[in-house]
Every structure is written in structure tokens, then in C-alpha cells.
Amino acid sequence: MSNILDSFKLNGKTAIVTGAARGLGQGMSLALAEAGADIVAVDILPADDTKKQVEAMGRKCLTVAGNLGDRAQIPGVIEQAKKFSSHLDILVNCAGIIRREDFEKFTEKDWDDVMGININAVFFLSQQFVREALARKGTAKIINIASMLSFQGGIRVPSYTASKSAVQGLTRLIASELGGKGINCNAIAPGYMATDNTAPLRADADRSASILARIPAGRWGTPDDLKGAVVFLASPASDYVNGYTVAVDGGWLAR
């Protein structure tokens with residue numbers, strides 16, 4: 001008789017995680033490794049610490065250095081991952097950047113840089129990943145990292161808001177088009193997390209207080225708060241969940 005907890009195990013699976021060197025990407029890499037997966041840690045920054053922690057769990061880890069904003073580098077990420085593992089089962093598109101400025105002062109560079117990482121790279125890396133999955137006639141899971149600004153407008157972050165709204169739409173498209181071919185695509189929308197991206201907000205006492213006042217949980221989130229969601233969406237436990245964005249926000253959207 002099978003145990004429901006067995007359906008959350010990722011033993012024998014390989015997961016690619018972008019933005020894996022620190023913060024939410026590192027936290028999700030460690031969660032997937034805890035569940036049994038080997039990890040391909042992709043980041044423009046050195047991911048040696050992630051590799052060390054994954055290997056301490058008895059899992060294998062390949063670090064891939066690359067700037068996903070450079071579209072020409074994306075096929076190489078999949079090629080390196082294929083040399084590491086004969087089957088690429090999970091893709092977590094976590095790499096992301098943010099730029100803050102008043103709407104009327106926002107520059108073309110700040111628009112293009114954010115869109116390049118936050119949505120263009122998500123599409124083109126997912127496309128390469130899907131091609132590999134279809135070629136081996138296997139099943140696969142894509143998990144995109146959305147945002148509260150996939151649901152809301154935000155302030156002073158036009159390219160971030162546009163990109164994260166696009167992530168949610170692309171998630172639905174992939175699920176709709178590829179669900180019948182063994183590809184599940186869902187997204188996680190983190191709430192206000194204590195990461196480098198939110199450091200300016202947390203440093204502003206008034207803004208931080210106003211944010212915390214709206215979060216029923218009464219605190220900023222941490223990378224550990226995403227562990228359950230990412231393992232669920234990567235595992236067989238979520239095989240009939242497709243095209244959905246799971247908010248992990250301490251109740252922010254409920255207010």
C-alpha cells in the first residue's frame with residue numbers, strides 16, 4: 001500500500017534552478033535536494049555555497065555560471081545540464097531583478113534589463129527545457145516564480161510589474177498547450193520576502209511598517225517558506241495541478 005508522502009519524493013530526479021546562488025533560489029534548491037533531487041544551480045553569481053549544501057545532503061550538484069539576460073547563453077545551460085544528467089525533470093525559473101524609479105523617469109535600459117531576465121529568459125529557457133523533455137518522451141515540471149505584482153500594480157517598478165504579470169500568463173499558456181504532452185507548468189507568487197530585492201523596502205521604516213500591517217502573518221517571508229510549495233509543484237503529488245499560481249504570501253492577497 002502506497003503512502004501519500006511517497007508522492008512528494010523526488011529521488012532520481014534532476015532539477016534546474018536559476019538564481020540558485022542565494023535567497024529564494026538557493027532555498028528552493030535546498031528544498032528540492034532535501035526531497036531527493038540532484039540540482040543544476042544556475043546563476044550569474046558563484047553558486048559554490050549552494051553546491052556545498054546540496055552535496056552535504058548526499059545529492060549531486062552542478063553549478064552553471066551564466067547571464068540569462070544574454071539570450072545566446074541559454075542553450076548552453078541546457079547542454080551543460082544534459083551532460084550532468086540524462087533526464088532533466090524539473091525547471092525552476094527563479095532568476096529575477098528589479099529596478100525602482102518614478103514612472104516618468106524610468107529608463108529604456110531599466111525596462112530592457114528587467115524584461116530580459118524576468119520574462120525573456122523564462123520563455124527561452126523553458127522552450128529549451130521543453131524541447132529536451134519532448135525529445136526523450138518524458139514528463140517534466142516547470143515552476144515559474146511570479147510575484148504579488150502578478151496580481152497587483154505596484155509602485156515605481158513598471159518593468160518588474162509587467163514582467164511578473166507576463167510570467168503568470170506564460171505559465172497558463174505552457175500548461176494549456178503542453179499539458180497533454182506530459183508537461184506541467186505552475187507558478188509560485190512569493191509575498192514580501194526578506195531578500196536583497198526588498199532590502200530598500202525593509203530599510204524604509206514607514207514603508208516596512210505599512211507592508212507588515214497588511215500581512216496577516218505579521219512578518220516578512222523567508223526562503224524556507226517556499227520549500228513546501230516548490231516540492232509539491234515539482235513532485236508527483238501535483239500531477240493534476242496545471243497552470244495555477246500559488247501565492248505564498250502570509251495572507252497578503254486575502255486583505
# chains A, B, ... in the order shown; residues from 1 in each chain; ligands from 1
>>> residues_around(residues="stretch 127-140 of chain A", least_positions_apart="2", cutoff="9 Å", atoms="only C-alpha atoms", output="list of chain:residue names")
A:Ile74, A:Pro75, A:Ile78, A:Lys82, A:His87, A:Leu88, A:Asp89, A:Ile90, A:Leu91, A:Val122, A:Phe123, A:Phe124, A:Leu125, A:Ile142, A:Leu178, A:Lys181, A:Gly182, A:Ile183, A:Asn184, A:Cys185, A:Ala234
>>> residues_around(residues="A:Gly154", least_positions_apart="4", cutoff="12 Å", atoms="only C-alpha atoms", output="list of chain:residue names")
A:Ile98, A:Arg100, A:Glu101, A:Asp102, A:Phe103, A:Ser147, A:Met148, A:Leu149, A:Ser150, A:Pro158, A:Ser159, A:Tyr160, A:Thr161, A:Ala162, A:Lys164, A:Ser165
>>> closest_residue(among="A:Ile145, A:Ala237, A:Leu253, A:Val167", to="A:Asp6", atoms="only C-alpha atoms")
A:Ala237
>>> residues_around(residues="A:Pro223", least_positions_apart="3", cutoff="7 Å", atoms="only C-alpha atoms", output="ChimeraX atom specification")
/A:23-24,27,226
>>> write_last_selection(atoms="N, CA and C atoms", output="mmCIF file, in the first residue's frame")
data_model
loop_
_atom_site.group_PDB
_atom_site.id
_atom_site.type_symbol
_atom_site.label_atom_id
_atom_site.label_comp_id
_atom_site.auth_asym_id
_atom_site.auth_seq_id
_atom_site.Cartn_x
_atom_site.Cartn_y
_atom_site.Cartn_z
ATOM 1 N N GLY A 23 19.329 33.548 -1.613
ATOM 2 C CA GLY A 23 17.935 33.938 -1.473
ATOM 3 C C GLY A 23 16.945 32.826 -1.767
ATOM 4 N N LEU A 24 15.868 33.193 -2.459
ATOM 5 C CA LEU A 24 14.794 32.240 -2.723
ATOM 6 C C LEU A 24 15.258 31.094 -3.600
ATOM 7 N N GLY A 27 17.185 28.687 -1.479
ATOM 8 C CA GLY A 27 16.266 27.981 -0.586
ATOM 9 C C GLY A 27 15.496 26.894 -1.291
ATOM 10 N N LEU A 226 9.075 28.886 1.129
ATOM 11 C CA LEU A 226 8.750 28.387 -0.208
ATOM 12 C C LEU A 226 9.035 26.904 -0.370
#
>>> select_by_dssp(residues="stretch 52-156 of chain A", states="alpha helix (DSSP H)", output="MDAnalysis selection string")
chainID A and resid 52:56 74:84 108:115 121:135
>>> residues_around(residues="A:Thr63", least_positions_apart="2", cutoff="9 Å", atoms="only C-alpha atoms", output="ChimeraX atom specification")
/A:20,39-43,46-48,50-51,61,65
>>> write_last_selection(atoms="C-alpha atoms", output="CSV table (one decimal), in the first residue's frame")
chain,number,residue,atom,x,y,z
A,20,ALA,CA,20.3,29.5,-7.2
A,39,ILE,CA,20.5,20.1,-8.7
A,40,VAL,CA,21.8,22.2,-11.6
A,41,ALA,CA,22.4,25.5,-9.9
A,42,VAL,CA,22.4,28.4,-12.5
A,43,ASP,CA,23.4,31.9,-11.6
A,46,PRO,CA,29.1,31.9,-7.8
A,47,ALA,CA,26.8,29.2,-6.5
A,48,ASP,CA,29.5,27.3,-4.6
A,50,THR,CA,24.6,26.1,-2.8
A,51,LYS,CA,26.7,23.2,-4.2
A,61,CYS,CA,25.1,19.4,-7.8
A,65,ALA,CA,27.6,30.3,-14.5
>>> atom_distance(atom1="atom CA of A:Leu170", atom2="atom CA of A:Asn186")
9.6 Å
>>> residues_around(residues="A:Leu233", least_positions_apart="5", cutoff="10 Å", atoms="only C-alpha atoms", output="PyMOL selection string")
chain A and resi 8+90+141-143+184-188+228+238-242+244+246
>>> write_last_selection(atoms="C-alpha atoms", output="compact mmCIF listing (two decimals), in the first residue's frame")
# COMPACT_ATOMS: atom_id res chain seq x y z
CA PHE A 8 6.30 14.10 -2.59
CA ILE A 90 12.23 19.96 -13.19
CA LYS A 141 7.59 20.10 -14.33
CA ILE A 142 8.17 23.82 -14.85
CA ILE A 143 7.81 26.13 -11.86
CA ASN A 184 3.06 20.62 -16.03
CA CYS A 185 3.68 24.34 -15.56
CA ASN A 186 2.71 26.23 -12.42
CA ALA A 187 3.98 29.32 -10.64
CA ILE A 188 4.72 30.41 -7.11
CA GLY A 228 6.74 23.14 0.76
CA SER A 238 0.81 17.85 -8.05
CA ASP A 239 0.39 15.92 -11.29
CA TYR A 240 -3.19 17.19 -11.75
CA VAL A 241 -2.29 20.81 -10.88
CA ASN A 242 -1.51 22.77 -14.04
CA TYR A 244 -2.01 27.68 -11.41
CA VAL A 246 0.21 29.56 -5.77
>>> select_by_dssp(residues="stretch 8-216 of chain A", states="strand (DSSP E or B)", output="ChimeraX atom specification")
/A:14-18,38-43,61-65,90-93,140-145,183-190,193
>>> write_last_selection(atoms="N, CA and C atoms", output="short mmCIF file (atom, residue, chain, number, x, y, z; two decimals), in the first residue's frame")
data_model
loop_
_atom_site.label_atom_id
_atom_site.label_comp_id
_atom_site.auth_asym_id
_atom_site.auth_seq_id
_atom_site.Cartn_x
_atom_site.Cartn_y
_atom_site.Cartn_z
N THR A 14 16.20 15.24 -11.57
CA THR A 14 17.17 16.32 -11.73
C THR A 14 16.42 17.62 -11.91
N ALA A 15 16.81 18.63 -11.13
CA ALA A 15 16.14 19.93 -11.17
C ALA A 15 17.12 21.03 -11.55
N ILE A 16 16.74 21.84 -12.52
CA ILE A 16 17.48 23.05 -12.86
C ILE A 16 16.84 24.21 -12.10
N VAL A 17 17.64 24.96 -11.37
CA VAL A 17 17.13 26.12 -10.63
C VAL A 17 17.95 27.34 -11.03
N THR A 18 17.30 28.37 -11.55
CA THR A 18 18.02 29.60 -11.88
C THR A 18 17.96 30.56 -10.68
N ASP A 38 18.74 15.78 -7.59
CA ASP A 38 20.03 16.38 -7.90
C ASP A 38 19.76 17.76 -8.51
N ILE A 39 20.72 18.67 -8.36
CA ILE A 39 20.48 20.08 -8.70
C ILE A 39 21.48 20.60 -9.72
N VAL A 40 20.96 21.34 -10.70
CA VAL A 40 21.78 22.16 -11.58
C VAL A 40 21.53 23.61 -11.16
N ALA A 41 22.51 24.21 -10.50
CA ALA A 41 22.37 25.54 -9.92
C ALA A 41 22.91 26.58 -10.90
N VAL A 42 22.02 27.39 -11.46
CA VAL A 42 22.38 28.37 -12.49
C VAL A 42 22.33 29.77 -11.89
N ASP A 43 23.40 30.53 -12.09
CA ASP A 43 23.40 31.90 -11.57
C ASP A 43 24.54 32.67 -12.20
N CYS A 61 25.38 18.06 -7.44
CA CYS A 61 25.07 19.45 -7.82
C CYS A 61 26.08 19.94 -8.85
N LEU A 62 25.56 20.47 -9.95
CA LEU A 62 26.37 21.12 -10.97
C LEU A 62 26.10 22.61 -10.90
N THR A 63 27.13 23.42 -10.85
CA THR A 63 26.95 24.87 -10.92
C THR A 63 27.22 25.33 -12.35
N VAL A 64 26.34 26.18 -12.85
CA VAL A 64 26.46 26.73 -14.20
C VAL A 64 26.46 28.24 -14.10
N ALA A 65 27.56 28.86 -14.49
CA ALA A 65 27.65 30.32 -14.47
C ALA A 65 27.13 30.86 -15.78
N ILE A 90 12.84 18.80 -13.87
CA ILE A 90 12.23 19.96 -13.19
C ILE A 90 13.00 21.21 -13.58
N LEU A 91 12.28 22.28 -13.89
CA LEU A 91 12.90 23.59 -14.13
C LEU A 91 12.23 24.61 -13.23
N VAL A 92 13.03 25.28 -12.43
CA VAL A 92 12.53 26.37 -11.58
C VAL A 92 13.13 27.68 -12.09
N ASN A 93 12.29 28.52 -12.67
CA ASN A 93 12.73 29.81 -13.21
C ASN A 93 12.63 30.87 -12.11
N ALA A 140 7.67 16.29 -17.33
CA ALA A 140 8.51 17.34 -16.75
C ALA A 140 7.64 18.35 -16.02
N LYS A 141 8.27 19.05 -15.10
CA LYS A 141 7.59 20.10 -14.33
C LYS A 141 8.34 21.41 -14.49
N ILE A 142 7.62 22.47 -14.83
CA ILE A 142 8.17 23.82 -14.85
C ILE A 142 7.51 24.61 -13.74
N ILE A 143 8.32 25.29 -12.94
CA ILE A 143 7.81 26.13 -11.86
C ILE A 143 8.38 27.53 -12.07
N ASN A 144 7.52 28.46 -12.38
CA ASN A 144 7.94 29.85 -12.56
C ASN A 144 7.74 30.63 -11.27
N ILE A 145 8.60 31.59 -11.04
CA ILE A 145 8.44 32.42 -9.85
C ILE A 145 7.78 33.73 -10.26
N ILE A 183 3.80 17.84 -19.76
CA ILE A 183 4.46 18.99 -19.16
C ILE A 183 3.48 19.72 -18.24
N ASN A 184 3.83 19.81 -16.98
CA ASN A 184 3.06 20.62 -16.03
C ASN A 184 3.79 21.93 -15.81
N CYS A 185 3.07 23.04 -15.83
CA CYS A 185 3.68 24.34 -15.56
C CYS A 185 2.81 25.10 -14.57
N ASN A 186 3.39 25.44 -13.44
CA ASN A 186 2.71 26.23 -12.42
C ASN A 186 3.66 27.34 -11.96
N ALA A 187 3.15 28.23 -11.15
CA ALA A 187 3.98 29.32 -10.64
C ALA A 187 3.78 29.46 -9.14
N ILE A 188 4.79 30.02 -8.52
CA ILE A 188 4.72 30.41 -7.11
C ILE A 188 4.84 31.93 -7.06
N ALA A 189 3.92 32.57 -6.37
CA ALA A 189 3.99 34.01 -6.18
C ALA A 189 4.38 34.29 -4.73
N PRO A 190 5.66 34.54 -4.49
CA PRO A 190 6.07 34.86 -3.12
C PRO A 190 5.48 36.20 -2.69
N MET A 193 9.18 39.06 0.80
CA MET A 193 10.21 38.19 1.34
C MET A 193 11.44 39.00 1.75
#
>>> decode(residues="stretch 90-125 of chain A", atoms="N, CA and C atoms", output="PDB file, in the first residue's frame")
ATOM      1  N   ILE A  90      12.836  18.802 -13.867  1.00  0.00           N
ATOM      2  CA  ILE A  90      12.228  19.960 -13.193  1.00  0.00           C
ATOM      3  C   ILE A  90      13.003  21.212 -13.583  1.00  0.00           C
ATOM      4  N   LEU A  91      12.284  22.283 -13.886  1.00  0.00           N
ATOM      5  CA  LEU A  91      12.896  23.588 -14.128  1.00  0.00           C
ATOM      6  C   LEU A  91      12.234  24.609 -13.226  1.00  0.00           C
ATOM      7  N   VAL A  92      13.026  25.284 -12.427  1.00  0.00           N
ATOM      8  CA  VAL A  92      12.526  26.372 -11.577  1.00  0.00           C
ATOM      9  C   VAL A  92      13.128  27.679 -12.090  1.00  0.00           C
ATOM     10  N   ASN A  93      12.288  28.521 -12.669  1.00  0.00           N
ATOM     11  CA  ASN A  93      12.732  29.815 -13.207  1.00  0.00           C
ATOM     12  C   ASN A  93      12.627  30.869 -12.113  1.00  0.00           C
ATOM     13  N   CYS A  94      13.720  31.007 -11.346  1.00  0.00           N
ATOM     14  CA  CYS A  94      13.697  31.919 -10.205  1.00  0.00           C
ATOM     15  C   CYS A  94      14.498  33.192 -10.433  1.00  0.00           C
ATOM     16  N   ALA A  95      15.487  33.166 -11.322  1.00  0.00           N
ATOM     17  CA  ALA A  95      16.338  34.342 -11.521  1.00  0.00           C
ATOM     18  C   ALA A  95      15.483  35.562 -11.845  1.00  0.00           C
ATOM     19  N   GLY A  96      15.761  36.669 -11.179  1.00  0.00           N
ATOM     20  CA  GLY A  96      15.000  37.878 -11.422  1.00  0.00           C
ATOM     21  C   GLY A  96      15.699  39.100 -10.856  1.00  0.00           C
ATOM     22  N   ILE A  97      15.411  40.249 -11.458  1.00  0.00           N
ATOM     23  CA  ILE A  97      15.958  41.509 -10.969  1.00  0.00           C
ATOM     24  C   ILE A  97      14.840  42.531 -10.905  1.00  0.00           C
ATOM     25  N   ILE A  98      15.116  43.630 -10.230  1.00  0.00           N
ATOM     26  CA  ILE A  98      14.120  44.693 -10.081  1.00  0.00           C
ATOM     27  C   ILE A  98      14.825  46.039 -10.168  1.00  0.00           C
ATOM     28  N   ARG A  99      14.169  47.008 -10.734  1.00  0.00           N
ATOM     29  CA  ARG A  99      14.675  48.386 -10.781  1.00  0.00           C
ATOM     30  C   ARG A  99      13.550  49.312 -10.315  1.00  0.00           C
ATOM     31  N   ARG A 100      13.902  50.287  -9.486  1.00  0.00           N
ATOM     32  CA  ARG A 100      12.908  51.191  -8.901  1.00  0.00           C
ATOM     33  C   ARG A 100      13.159  52.628  -9.363  1.00  0.00           C
ATOM     34  N   GLU A 101      12.126  53.258  -9.876  1.00  0.00           N
ATOM     35  CA  GLU A 101      12.216  54.662 -10.279  1.00  0.00           C
ATOM     36  C   GLU A 101      10.808  55.163 -10.586  1.00  0.00           C
ATOM     37  N   ASP A 102      10.615  56.465 -10.465  1.00  0.00           N
ATOM     38  CA  ASP A 102       9.327  57.054 -10.817  1.00  0.00           C
ATOM     39  C   ASP A 102       8.991  56.729 -12.274  1.00  0.00           C
ATOM     40  N   PHE A 103       7.722  56.562 -12.553  1.00  0.00           N
ATOM     41  CA  PHE A 103       7.279  56.143 -13.887  1.00  0.00           C
ATOM     42  C   PHE A 103       7.836  57.045 -14.989  1.00  0.00           C
ATOM     43  N   GLU A 104       7.746  58.368 -14.787  1.00  0.00           N
ATOM     44  CA  GLU A 104       8.138  59.293 -15.843  1.00  0.00           C
ATOM     45  C   GLU A 104       9.655  59.389 -16.021  1.00  0.00           C
ATOM     46  N   LYS A 105      10.405  58.843 -15.075  1.00  0.00           N
ATOM     47  CA  LYS A 105      11.871  58.884 -15.155  1.00  0.00           C
ATOM     48  C   LYS A 105      12.466  57.523 -15.522  1.00  0.00           C
ATOM     49  N   PHE A 106      11.629  56.504 -15.656  1.00  0.00           N
ATOM     50  CA  PHE A 106      12.120  55.143 -15.869  1.00  0.00           C
ATOM     51  C   PHE A 106      12.810  55.044 -17.232  1.00  0.00           C
ATOM     52  N   THR A 107      14.001  54.448 -17.260  1.00  0.00           N
ATOM     53  CA  THR A 107      14.807  54.434 -18.484  1.00  0.00           C
ATOM     54  C   THR A 107      14.551  53.188 -19.334  1.00  0.00           C
ATOM     55  N   GLU A 108      14.919  53.276 -20.606  1.00  0.00           N
ATOM     56  CA  GLU A 108      14.808  52.128 -21.500  1.00  0.00           C
ATOM     57  C   GLU A 108      15.697  50.986 -21.016  1.00  0.00           C
ATOM     58  N   LYS A 109      16.868  51.321 -20.517  1.00  0.00           N
ATOM     59  CA  LYS A 109      17.782  50.275 -20.028  1.00  0.00           C
ATOM     60  C   LYS A 109      17.174  49.519 -18.854  1.00  0.00           C
ATOM     61  N   ASP A 110      16.569  50.254 -17.907  1.00  0.00           N
ATOM     62  CA  ASP A 110      15.952  49.587 -16.763  1.00  0.00           C
ATOM     63  C   ASP A 110      14.763  48.733 -17.192  1.00  0.00           C
ATOM     64  N   TRP A 111      14.057  49.174 -18.211  1.00  0.00           N
ATOM     65  CA  TRP A 111      12.963  48.356 -18.758  1.00  0.00           C
ATOM     66  C   TRP A 111      13.519  47.093 -19.401  1.00  0.00           C
ATOM     67  N   ASP A 112      14.491  47.263 -20.301  1.00  0.00           N
ATOM     68  CA  ASP A 112      15.015  46.131 -21.069  1.00  0.00           C
ATOM     69  C   ASP A 112      15.760  45.131 -20.191  1.00  0.00           C
ATOM     70  N   ASP A 113      16.539  45.614 -19.237  1.00  0.00           N
ATOM     71  CA  ASP A 113      17.303  44.708 -18.372  1.00  0.00           C
ATOM     72  C   ASP A 113      16.371  43.797 -17.577  1.00  0.00           C
ATOM     73  N   VAL A 114      15.330  44.370 -17.008  1.00  0.00           N
ATOM     74  CA  VAL A 114      14.403  43.586 -16.187  1.00  0.00           C
ATOM     75  C   VAL A 114      13.598  42.618 -17.041  1.00  0.00           C
ATOM     76  N   MET A 115      13.091  43.097 -18.171  1.00  0.00           N
ATOM     77  CA  MET A 115      12.321  42.205 -19.042  1.00  0.00           C
ATOM     78  C   MET A 115      13.196  41.075 -19.582  1.00  0.00           C
ATOM     79  N   GLY A 116      14.465  41.375 -19.826  1.00  0.00           N
ATOM     80  CA  GLY A 116      15.369  40.367 -20.357  1.00  0.00           C
ATOM     81  C   GLY A 116      15.554  39.188 -19.422  1.00  0.00           C
ATOM     82  N   ILE A 117      15.678  39.456 -18.138  1.00  0.00           N
ATOM     83  CA  ILE A 117      15.860  38.386 -17.154  1.00  0.00           C
ATOM     84  C   ILE A 117      14.526  37.787 -16.720  1.00  0.00           C
ATOM     85  N   ASN A 118      13.558  38.651 -16.429  1.00  0.00           N
ATOM     86  CA  ASN A 118      12.345  38.204 -15.742  1.00  0.00           C
ATOM     87  C   ASN A 118      11.320  37.511 -16.619  1.00  0.00           C
ATOM     88  N   ILE A 119      11.323  37.784 -17.924  1.00  0.00           N
ATOM     89  CA  ILE A 119      10.353  37.106 -18.780  1.00  0.00           C
ATOM     90  C   ILE A 119      10.996  36.512 -20.030  1.00  0.00           C
ATOM     91  N   ASN A 120      11.896  37.238 -20.705  1.00  0.00           N
ATOM     92  CA  ASN A 120      12.509  36.667 -21.905  1.00  0.00           C
ATOM     93  C   ASN A 120      13.273  35.391 -21.578  1.00  0.00           C
ATOM     94  N   ALA A 121      14.084  35.438 -20.528  1.00  0.00           N
ATOM     95  CA  ALA A 121      14.860  34.251 -20.142  1.00  0.00           C
ATOM     96  C   ALA A 121      13.947  33.119 -19.700  1.00  0.00           C
ATOM     97  N   VAL A 122      12.853  33.442 -19.033  1.00  0.00           N
ATOM     98  CA  VAL A 122      11.904  32.409 -18.611  1.00  0.00           C
ATOM     99  C   VAL A 122      11.339  31.685 -19.828  1.00  0.00           C
ATOM    100  N   PHE A 123      10.955  32.452 -20.858  1.00  0.00           N
ATOM    101  CA  PHE A 123      10.405  31.821 -22.066  1.00  0.00           C
ATOM    102  C   PHE A 123      11.449  30.966 -22.773  1.00  0.00           C
ATOM    103  N   PHE A 124      12.606  31.545 -23.050  1.00  0.00           N
ATOM    104  CA  PHE A 124      13.572  30.831 -23.885  1.00  0.00           C
ATOM    105  C   PHE A 124      14.217  29.649 -23.163  1.00  0.00           C
ATOM    106  N   LEU A 125      14.424  29.753 -21.855  1.00  0.00           N
ATOM    107  CA  LEU A 125      14.949  28.606 -21.119  1.00  0.00           C
ATOM    108  C   LEU A 125      13.886  27.516 -21.017  1.00  0.00           C
TER     109      LEU A 125
END
